[in-house]
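Okay, my_file-v1.cif now, which holds mmCIF, N, CA and C atoms:
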```cif
data_target
loop_
_atom_site.label_atom_id
_atom_site.label_comp_id
_atom_site.auth_asym_id
_atom_site.auth_seq_id
_atom_site.Cartn_x
_atom_site.Cartn_y
_atom_site.Cartn_z
N MET A 1 0.85 -1.17 0.00
CA MET A 1 0.00 0.00 0.00
C MET A 1 0.90 1.24 0.00
N ASN A 2 0.57 2.24 -0.80
CA ASN A 2 1.39 3.44 -0.86
C ASN A 2 0.95 4.45 0.20
N LEU A 3 1.76 5.51 0.36
CA LEU A 3 1.52 6.48 1.42
C LEU A 3 0.15 7.13 1.30
N SER A 4 -0.28 7.48 0.10
CA SER A 4 -1.59 8.13 -0.05
C SER A 4 -2.71 7.21 0.46
N ALA A 5 -2.64 5.95 0.14
CA ALA A 5 -3.66 5.00 0.59
C ALA A 5 -3.58 4.78 2.11
N ILE A 6 -2.37 4.78 2.64
CA ILE A 6 -2.20 4.59 4.09
C ILE A 6 -2.81 5.77 4.84
N ILE A 7 -2.53 6.98 4.38
CA ILE A 7 -3.10 8.16 5.05
C ILE A 7 -4.62 8.11 5.00
N ARG A 8 -5.17 7.77 3.86
CA ARG A 8 -6.63 7.68 3.72
C ARG A 8 -7.19 6.60 4.66
N THR A 9 -6.53 5.46 4.71
CA THR A 9 -6.98 4.36 5.57
C THR A 9 -6.94 4.77 7.04
N ILE A 10 -5.85 5.41 7.44
CA ILE A 10 -5.74 5.87 8.84
C ILE A 10 -6.86 6.86 9.15
N ARG A 11 -7.08 7.80 8.24
CA ARG A 11 -8.12 8.81 8.45
C ARG A 11 -9.49 8.15 8.57
N ASP A 12 -9.80 7.25 7.63
CA ASP A 12 -11.09 6.55 7.65
C ASP A 12 -11.24 5.70 8.90
N HIS A 13 -10.17 4.98 9.24
CA HIS A 13 -10.20 4.09 10.41
C HIS A 13 -10.50 4.86 11.69
N ASN A 14 -10.03 6.11 11.73
CA ASN A 14 -10.23 6.93 12.92
C ASN A 14 -11.43 7.87 12.80
N HIS A 15 -12.25 7.62 11.76
CA HIS A 15 -13.50 8.36 11.56
C HIS A 15 -13.26 9.87 11.53
N LEU A 16 -12.23 10.28 10.78
CA LEU A 16 -11.90 11.69 10.66
C LEU A 16 -12.20 12.18 9.25
N THR A 17 -12.66 13.41 9.15
CA THR A 17 -12.78 14.04 7.84
C THR A 17 -11.40 14.59 7.47
N GLN A 18 -11.25 14.99 6.23
CA GLN A 18 -9.99 15.62 5.85
C GLN A 18 -9.77 16.89 6.67
N ASP A 19 -10.83 17.64 6.92
CA ASP A 19 -10.73 18.86 7.75
C ASP A 19 -10.24 18.53 9.16
N ALA A 20 -10.81 17.48 9.75
CA ALA A 20 -10.43 17.12 11.13
C ALA A 20 -8.98 16.67 11.19
N LEU A 21 -8.54 15.87 10.22
CA LEU A 21 -7.13 15.44 10.19
C LEU A 21 -6.23 16.65 9.99
N ALA A 22 -6.60 17.53 9.09
CA ALA A 22 -5.81 18.73 8.83
C ALA A 22 -5.65 19.56 10.11
N GLU A 23 -6.74 19.69 10.86
CA GLU A 23 -6.68 20.45 12.11
C GLU A 23 -5.72 19.81 13.10
N LYS A 24 -5.78 18.48 13.24
CA LYS A 24 -4.89 17.78 14.16
C LYS A 24 -3.42 17.95 13.78
N LEU A 25 -3.16 18.05 12.47
CA LEU A 25 -1.78 18.13 11.98
C LEU A 25 -1.34 19.56 11.69
N HIS A 26 -2.24 20.53 11.90
CA HIS A 26 -1.94 21.95 11.67
C HIS A 26 -1.54 22.21 10.22
N VAL A 27 -2.32 21.61 9.31
CA VAL A 27 -2.15 21.84 7.88
C VAL A 27 -3.53 22.15 7.29
N THR A 28 -3.57 22.44 6.01
CA THR A 28 -4.86 22.71 5.37
C THR A 28 -5.52 21.41 4.92
N ARG A 29 -6.85 21.50 4.74
CA ARG A 29 -7.58 20.35 4.20
C ARG A 29 -7.07 20.02 2.81
N GLN A 30 -6.68 21.04 2.04
CA GLN A 30 -6.16 20.83 0.70
C GLN A 30 -4.86 20.02 0.73
N ALA A 31 -4.04 20.24 1.76
CA ALA A 31 -2.80 19.46 1.88
C ALA A 31 -3.14 17.99 2.08
N VAL A 32 -4.10 17.71 2.96
CA VAL A 32 -4.51 16.32 3.19
C VAL A 32 -5.06 15.72 1.91
N SER A 33 -5.87 16.47 1.20
CA SER A 33 -6.43 15.99 -0.07
C SER A 33 -5.32 15.66 -1.07
N ARG A 34 -4.32 16.51 -1.16
CA ARG A 34 -3.21 16.26 -2.10
C ARG A 34 -2.42 15.02 -1.70
N TRP A 35 -2.25 14.80 -0.40
CA TRP A 35 -1.54 13.59 0.05
C TRP A 35 -2.34 12.36 -0.37
N GLU A 36 -3.65 12.40 -0.13
CA GLU A 36 -4.50 11.24 -0.41
C GLU A 36 -4.64 10.98 -1.91
N CYS A 37 -4.48 12.01 -2.72
CA CYS A 37 -4.54 11.85 -4.18
C CYS A 37 -3.17 11.50 -4.77
N GLY A 38 -2.15 11.51 -3.94
CA GLY A 38 -0.81 11.20 -4.41
C GLY A 38 -0.15 12.36 -5.15
N GLU A 39 -0.69 13.57 -5.00
CA GLU A 39 -0.12 14.73 -5.68
C GLU A 39 1.07 15.31 -4.93
N SER A 40 1.14 15.06 -3.63
CA SER A 40 2.27 15.51 -2.82
C SER A 40 2.39 14.56 -1.63
N ILE A 41 3.43 14.74 -0.85
CA ILE A 41 3.62 13.93 0.36
C ILE A 41 3.91 14.86 1.53
N PRO A 42 3.57 14.41 2.73
CA PRO A 42 3.85 15.24 3.91
C PRO A 42 5.36 15.37 4.11
N ASP A 43 5.77 16.48 4.72
CA ASP A 43 7.19 16.62 5.05
C ASP A 43 7.51 15.70 6.23
N ILE A 44 8.77 15.54 6.53
CA ILE A 44 9.20 14.57 7.54
C ILE A 44 8.62 14.90 8.92
N ASP A 45 8.52 16.18 9.27
CA ASP A 45 7.95 16.54 10.57
C ASP A 45 6.48 16.14 10.65
N THR A 46 5.76 16.30 9.56
CA THR A 46 4.35 15.90 9.54
C THR A 46 4.22 14.38 9.59
N LEU A 47 5.11 13.67 8.90
CA LEU A 47 5.10 12.21 8.99
C LEU A 47 5.32 11.77 10.44
N LYS A 48 6.21 12.45 11.14
CA LYS A 48 6.45 12.12 12.55
C LYS A 48 5.20 12.39 13.38
N GLN A 49 4.50 13.50 13.08
CA GLN A 49 3.25 13.81 13.78
C GLN A 49 2.21 12.72 13.55
N ILE A 50 2.05 12.32 12.29
CA ILE A 50 1.09 11.26 11.96
C ILE A 50 1.46 9.98 12.70
N SER A 51 2.74 9.68 12.71
CA SER A 51 3.24 8.49 13.40
C SER A 51 2.86 8.51 14.88
N ALA A 52 3.16 9.63 15.54
CA ALA A 52 2.87 9.75 16.98
C ALA A 52 1.37 9.76 17.26
N LEU A 53 0.63 10.47 16.44
CA LEU A 53 -0.81 10.63 16.65
C LEU A 53 -1.57 9.32 16.51
N PHE A 54 -1.14 8.47 15.55
CA PHE A 54 -1.91 7.26 15.26
C PHE A 54 -1.19 5.97 15.61
N GLY A 55 -0.02 6.07 16.24
CA GLY A 55 0.67 4.87 16.70
C GLY A 55 1.14 3.96 15.59
N ILE A 56 1.60 4.55 14.50
CA ILE A 56 2.13 3.77 13.38
C ILE A 56 3.51 4.33 13.06
N SER A 57 4.48 3.46 12.84
CA SER A 57 5.84 3.94 12.62
C SER A 57 5.96 4.64 11.27
N VAL A 58 6.94 5.53 11.17
CA VAL A 58 7.22 6.20 9.90
C VAL A 58 7.55 5.15 8.84
N ASP A 59 8.27 4.09 9.22
CA ASP A 59 8.57 3.00 8.28
C ASP A 59 7.28 2.43 7.68
N GLU A 60 6.29 2.22 8.53
CA GLU A 60 5.03 1.66 8.04
C GLU A 60 4.27 2.67 7.17
N LEU A 61 4.35 3.94 7.55
CA LEU A 61 3.72 4.96 6.70
C LEU A 61 4.34 4.97 5.30
N LEU A 62 5.65 4.79 5.26
CA LEU A 62 6.35 4.82 3.98
C LEU A 62 6.43 3.45 3.32
N SER A 63 5.74 2.48 3.91
CA SER A 63 5.67 1.12 3.37
C SER A 63 7.04 0.46 3.23
N VAL A 64 7.91 0.73 4.20
CA VAL A 64 9.21 0.06 4.19
C VAL A 64 8.95 -1.41 4.45
N GLU A 65 9.38 -2.24 3.53
CA GLU A 65 9.12 -3.67 3.64
C GLU A 65 9.93 -4.28 4.78
N ARG A 66 9.23 -4.97 5.63
CA ARG A 66 9.85 -5.72 6.70
C ARG A 66 9.08 -7.02 6.82
N ASN A 67 9.75 -8.00 7.28
CA ASN A 67 9.08 -9.28 7.48
C ASN A 67 8.48 -9.28 8.88
N ARG A 68 7.36 -8.60 9.02
CA ARG A 68 6.70 -8.49 10.31
C ARG A 68 5.64 -9.57 10.43
N ILE A 69 5.53 -10.10 11.61
CA ILE A 69 4.50 -11.09 11.89
C ILE A 69 3.79 -10.71 13.18
N CYS A 70 2.58 -11.16 13.31
CA CYS A 70 1.83 -10.95 14.54
C CYS A 70 2.60 -11.59 15.69
N GLN A 71 2.74 -10.85 16.77
CA GLN A 71 3.49 -11.32 17.92
C GLN A 71 2.64 -12.19 18.85
N CYS A 72 1.58 -12.75 18.28
CA CYS A 72 0.76 -13.73 18.98
C CYS A 72 0.68 -15.02 18.15
N CYS A 73 0.34 -14.86 16.84
CA CYS A 73 0.01 -16.05 16.04
C CYS A 73 0.89 -16.28 14.81
N THR A 74 1.83 -15.40 14.52
CA THR A 74 2.74 -15.45 13.36
C THR A 74 2.10 -14.99 12.05
N TYR A 75 0.88 -14.47 12.07
CA TYR A 75 0.22 -14.00 10.84
C TYR A 75 1.07 -12.88 10.23
N PRO A 76 1.32 -12.91 8.93
CA PRO A 76 2.11 -11.85 8.28
C PRO A 76 1.38 -10.50 8.36
N LEU A 77 2.10 -9.47 8.78
CA LEU A 77 1.50 -8.14 8.91
C LEU A 77 1.94 -7.27 7.74
N HIS A 78 1.23 -7.42 6.63
CA HIS A 78 1.56 -6.66 5.43
C HIS A 78 0.59 -5.51 5.18
N ASN A 79 -0.65 -5.63 5.62
CA ASN A 79 -1.67 -4.64 5.32
C ASN A 79 -2.13 -3.94 6.58
N ILE A 80 -2.23 -2.63 6.50
CA ILE A 80 -2.63 -1.84 7.66
C ILE A 80 -4.01 -2.25 8.17
N GLU A 81 -4.88 -2.70 7.25
CA GLU A 81 -6.23 -3.09 7.64
C GLU A 81 -6.24 -4.33 8.53
N GLU A 82 -5.16 -5.08 8.52
CA GLU A 82 -5.11 -6.31 9.32
C GLU A 82 -4.34 -6.14 10.62
N LEU A 83 -3.94 -4.90 10.93
CA LEU A 83 -3.25 -4.64 12.19
C LEU A 83 -4.27 -4.56 13.31
N GLY A 84 -3.86 -4.99 14.50
CA GLY A 84 -4.74 -4.91 15.66
C GLY A 84 -5.05 -3.47 16.02
N THR A 85 -6.03 -3.30 16.89
CA THR A 85 -6.44 -1.96 17.30
C THR A 85 -6.52 -1.86 18.82
N GLU A 86 -6.26 -0.64 19.30
CA GLU A 86 -6.38 -0.36 20.73
C GLU A 86 -7.82 0.07 21.03
N ALA A 87 -8.16 0.20 22.29
CA ALA A 87 -9.51 0.58 22.70
C ALA A 87 -9.90 1.95 22.13
N ASP A 88 -8.92 2.84 21.97
CA ASP A 88 -9.22 4.17 21.43
C ASP A 88 -9.25 4.19 19.90
N GLY A 89 -9.09 3.01 19.28
CA GLY A 89 -9.13 2.91 17.83
C GLY A 89 -7.79 3.06 17.15
N SER A 90 -6.74 3.41 17.90
CA SER A 90 -5.43 3.54 17.28
C SER A 90 -4.91 2.14 16.90
N ILE A 91 -3.94 2.14 16.03
CA ILE A 91 -3.41 0.89 15.49
C ILE A 91 -2.35 0.31 16.41
N ASN A 92 -2.38 -1.00 16.58
CA ASN A 92 -1.34 -1.72 17.31
C ASN A 92 -0.54 -2.49 16.28
N THR A 93 0.72 -2.14 16.10
CA THR A 93 1.53 -2.74 15.04
C THR A 93 2.17 -4.07 15.43
N ASP A 94 1.94 -4.53 16.65
CA ASP A 94 2.52 -5.81 17.08
C ASP A 94 1.62 -7.00 16.79
N TYR A 95 0.32 -6.76 16.71
CA TYR A 95 -0.62 -7.87 16.60
C TYR A 95 -1.59 -7.69 15.43
N CYS A 96 -2.08 -8.82 14.92
CA CYS A 96 -3.08 -8.76 13.85
C CYS A 96 -4.46 -8.55 14.47
N ILE A 97 -5.39 -8.13 13.64
CA ILE A 97 -6.75 -7.85 14.11
C ILE A 97 -7.47 -9.15 14.51
N TYR A 98 -6.97 -10.28 14.05
CA TYR A 98 -7.59 -11.56 14.38
C TYR A 98 -7.23 -12.00 15.80
N CYS A 99 -6.16 -11.42 16.36
CA CYS A 99 -5.74 -11.74 17.72
C CYS A 99 -6.06 -10.62 18.70
N TYR A 100 -5.95 -9.37 18.24
CA TYR A 100 -6.05 -8.22 19.16
C TYR A 100 -6.91 -7.14 18.53
N LYS A 101 -8.04 -6.84 19.17
CA LYS A 101 -8.98 -5.88 18.60
C LYS A 101 -9.60 -5.06 19.73
N ASP A 102 -9.68 -3.76 19.52
CA ASP A 102 -10.28 -2.85 20.49
C ASP A 102 -9.63 -2.95 21.87
N GLY A 103 -8.32 -3.15 21.87
CA GLY A 103 -7.57 -3.14 23.12
C GLY A 103 -7.64 -4.42 23.93
N ALA A 104 -8.11 -5.50 23.33
CA ALA A 104 -8.25 -6.76 24.08
C ALA A 104 -7.96 -7.94 23.16
N TRP A 105 -7.60 -9.06 23.76
CA TRP A 105 -7.39 -10.28 22.99
C TRP A 105 -8.72 -10.79 22.48
N VAL A 106 -8.76 -11.15 21.22
CA VAL A 106 -9.99 -11.69 20.62
C VAL A 106 -10.38 -12.96 21.36
N ASP A 107 -9.40 -13.81 21.65
CA ASP A 107 -9.65 -15.01 22.44
C ASP A 107 -8.65 -15.03 23.60
N PRO A 108 -9.03 -14.47 24.75
CA PRO A 108 -8.09 -14.36 25.86
C PRO A 108 -7.66 -15.70 26.44
N ASN A 109 -8.38 -16.77 26.13
CA ASN A 109 -8.04 -18.08 26.68
C ASN A 109 -7.12 -18.89 25.79
N TYR A 110 -6.78 -18.33 24.63
CA TYR A 110 -5.87 -19.02 23.70
C TYR A 110 -4.53 -19.28 24.38
N THR A 111 -3.96 -20.44 24.11
CA THR A 111 -2.65 -20.79 24.65
C THR A 111 -1.64 -20.90 23.50
N VAL A 112 -0.38 -21.03 23.85
CA VAL A 112 0.66 -21.25 22.84
C VAL A 112 0.31 -22.47 22.00
N GLN A 113 -0.10 -23.54 22.65
CA GLN A 113 -0.42 -24.77 21.93
C GLN A 113 -1.62 -24.58 21.01
N ASP A 114 -2.61 -23.81 21.45
CA ASP A 114 -3.77 -23.52 20.59
C ASP A 114 -3.32 -22.80 19.32
N VAL A 115 -2.44 -21.81 19.47
CA VAL A 115 -1.93 -21.06 18.32
C VAL A 115 -1.20 -21.99 17.36
N ILE A 116 -0.37 -22.84 17.91
CA ILE A 116 0.40 -23.78 17.08
C ILE A 116 -0.54 -24.69 16.31
N GLU A 117 -1.48 -25.29 16.98
CA GLU A 117 -2.40 -26.22 16.33
C GLU A 117 -3.25 -25.53 15.27
N TYR A 118 -3.66 -24.30 15.54
CA TYR A 118 -4.45 -23.56 14.57
C TYR A 118 -3.63 -23.20 13.33
N THR A 119 -2.36 -22.87 13.53
CA THR A 119 -1.50 -22.37 12.45
C THR A 119 -0.90 -23.46 11.57
N VAL A 120 -0.68 -24.63 12.11
CA VAL A 120 -0.03 -25.72 11.35
C VAL A 120 -0.67 -25.95 9.97
N PRO A 121 -1.98 -26.07 9.86
CA PRO A 121 -2.56 -26.33 8.52
C PRO A 121 -2.25 -25.23 7.49
N PHE A 122 -2.09 -24.00 7.97
CA PHE A 122 -1.80 -22.90 7.05
C PHE A 122 -0.36 -22.93 6.56
N MET A 123 0.51 -23.59 7.29
CA MET A 123 1.92 -23.66 6.91
C MET A 123 2.26 -24.92 6.12
N THR A 124 1.38 -25.88 6.18
CA THR A 124 1.62 -27.14 5.49
C THR A 124 1.55 -26.92 3.98
N SER A 125 2.54 -27.46 3.28
CA SER A 125 2.63 -27.30 1.83
C SER A 125 3.42 -28.47 1.26
N PRO A 126 3.58 -28.53 -0.06
CA PRO A 126 4.39 -29.61 -0.63
C PRO A 126 5.84 -29.60 -0.13
N THR A 127 6.30 -28.44 0.32
CA THR A 127 7.69 -28.37 0.80
C THR A 127 7.81 -28.39 2.32
N MET A 128 6.65 -28.39 3.03
CA MET A 128 6.69 -28.44 4.49
C MET A 128 5.58 -29.33 5.01
N SER A 129 5.95 -30.37 5.69
CA SER A 129 4.96 -31.29 6.25
C SER A 129 4.36 -30.66 7.51
N ALA A 130 3.27 -31.23 7.97
CA ALA A 130 2.63 -30.77 9.20
C ALA A 130 3.59 -30.91 10.38
N GLU A 131 4.34 -32.00 10.39
CA GLU A 131 5.30 -32.22 11.48
C GLU A 131 6.39 -31.15 11.48
N GLN A 132 6.89 -30.79 10.27
CA GLN A 132 7.91 -29.76 10.17
C GLN A 132 7.35 -28.40 10.59
N ALA A 133 6.13 -28.11 10.17
CA ALA A 133 5.49 -26.84 10.55
C ALA A 133 5.32 -26.77 12.07
N ARG A 134 4.85 -27.85 12.67
CA ARG A 134 4.66 -27.89 14.12
C ARG A 134 6.00 -27.70 14.85
N GLU A 135 7.03 -28.35 14.38
CA GLU A 135 8.35 -28.23 14.99
C GLU A 135 8.84 -26.77 14.91
N TYR A 136 8.67 -26.17 13.75
CA TYR A 136 9.08 -24.78 13.55
C TYR A 136 8.31 -23.85 14.49
N LEU A 137 6.98 -24.03 14.53
CA LEU A 137 6.14 -23.17 15.37
C LEU A 137 6.41 -23.37 16.86
N GLU A 138 6.72 -24.59 17.26
CA GLU A 138 7.01 -24.85 18.67
C GLU A 138 8.26 -24.11 19.13
N LYS A 139 9.16 -23.82 18.19
CA LYS A 139 10.35 -23.02 18.52
C LYS A 139 10.04 -21.53 18.46
N LEU A 140 9.23 -21.11 17.48
CA LEU A 140 8.99 -19.69 17.24
C LEU A 140 7.94 -19.08 18.17
N VAL A 141 6.78 -19.67 18.29
CA VAL A 141 5.65 -19.05 18.99
C VAL A 141 6.00 -18.66 20.43
N PRO A 142 6.66 -19.51 21.22
CA PRO A 142 6.96 -19.10 22.60
C PRO A 142 7.88 -17.87 22.70
N THR A 143 8.56 -17.52 21.61
CA THR A 143 9.46 -16.36 21.64
C THR A 143 8.74 -15.06 21.26
N LEU A 144 7.49 -15.16 20.79
CA LEU A 144 6.74 -13.97 20.39
C LEU A 144 6.32 -13.16 21.61
N LYS A 145 6.12 -11.87 21.39
CA LYS A 145 5.86 -10.91 22.47
C LYS A 145 4.75 -11.35 23.41
N ARG A 146 3.63 -11.84 22.88
CA ARG A 146 2.51 -12.22 23.76
C ARG A 146 2.88 -13.37 24.69
N TRP A 147 3.74 -14.25 24.25
CA TRP A 147 4.00 -15.49 25.00
C TRP A 147 5.33 -15.49 25.75
N ARG A 148 6.19 -14.54 25.46
CA ARG A 148 7.51 -14.51 26.10
C ARG A 148 7.37 -14.40 27.61
N LYS A 149 8.16 -15.15 28.27
CA LYS A 149 8.23 -15.07 29.74
C LYS A 149 9.40 -14.16 30.08
N GLU A 150 9.07 -12.99 30.64
CA GLU A 150 10.15 -12.04 30.90
C GLU A 150 10.41 -11.94 32.38
#
```

Output the file's structure in the form of structure tokens.
Amino acid sequence: MNLSAIIRTIRDHNHLTQDALAEKLHVTRQAVSRWECGESIPDIDTLKQISALFGISVDELLSVERNRICQCCTYPLHNIEELGTEADGSINTDYCIYCYKDGAWVDPNYTVQDVIEYTVPFMTSPTMSAEQAREYLEKLVPTLKRWRKE
């Protein structure tokens, strides 16, 4: 997703008009419109403001590719629409929306083993057996943020 689409998605997700977003960022509504149309981009200070205001990193705003996964279930975090959300509606970049929504765990009783068993079928392929997927997940899942014992 490009920056113009990300800004529009963030604005829509937070139920803001272009005017309301412009006011929060101390810019004109026309500036927001130009960003969303891809005619211009925010300056670095404004990108930092957007980042702080909506809890999304500048890297994510600029679509810097990273191999990010949900820190609960290993789901790939490629699309902003699939990122978890906090109770105030801001984005949580550590978890997917299938695990963490509105500031709470979708299934608070899920265990590490539940995650592994649920995920194995999605990883099974001609090049990876269910046993190999389970072995891989048994090493990876306990190290993820939600399950780490600190």

*Which distance in Å separates atom CA of Pro121 of chain A and atom CA of Thr93 of chain A, to one decimal?*
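Here the two named atoms are 24.8 Å from each other.
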
*Which one is closest to Lys24 of chain A: A:Leu137, A:Ile50, A:Cys37, A:Leu3? Count all atoms listed in the file.*
A:Ile50

*Please report, as a list in words, each residue of segment 53-117 of chain A to which DSSP assigns helix (DSSP H, G or I) when run on this structure's backbone.*
Leu53, Phe54, Val58, Asp59, Glu60, Leu61, Ile80, Glu81, Glu82, Val112, Gln113, Asp114, Val115, Ile116 and Glu117 of chain A

*Mind pulling up the distance from atom CA of Ile80 of chain A to atom N of Ser57 of chain A?*
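Between atom N of Ser57 of chain A and atom CA of Ile80 of chain A the gap works out to 10.3 Å.
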
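Nearest residue to Ile97 of chain A among A:Glu81, A:Glu117, A:Asp12, A:Glu135 is A:Glu81, counting only C-alpha atoms.
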
*Please provide as a ChimeraX atom specification all residues within 8 Å of Val58 of chain A, with the sequence filter that same-chain residues fewer than 5 positions apart are discarded (counting only C-alpha atoms).*
/A:47-48,51

*asked:* Excluding segment 19-23 of chain A and its own-chain neighbours fewer than 5 positions away, which residues fall within 6.5 Å of it when counting all atoms listed in the file? Please give them as a VMD selection string.
replied: chain A and resid 28 to 29 32

*Restricting the calculation to only N, CA and C atoms, which member of A:Leu140, A:Ile6, A:Cys73, A:Leu16 is positioned closest to Asp94 of chain A?*
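The answer is A:Cys73, which sits nearest to Asp94 of chain A.
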
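Our summary of the geometry notes that atom CA of Tyr100 of chain A is positioned 27.6 Å from atom CA of Glu36 of chain A.
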
*Mind checking which residues fall within 6 Å of Ile91 of chain A, counting all atoms listed in the file, ignoring those fewer than 6 positions away in the same chain, and posting them as a PyMOL selection string?*
chain A and resi 54-55+83-85

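For segment 29-99 of chain A, a DSSP pass over the backbone yields strand (DSSP E) at Leu83, Gly84, Thr85, Ile91, Asn92, Thr93, Asp94, Tyr95 and Cys96 of chain A.
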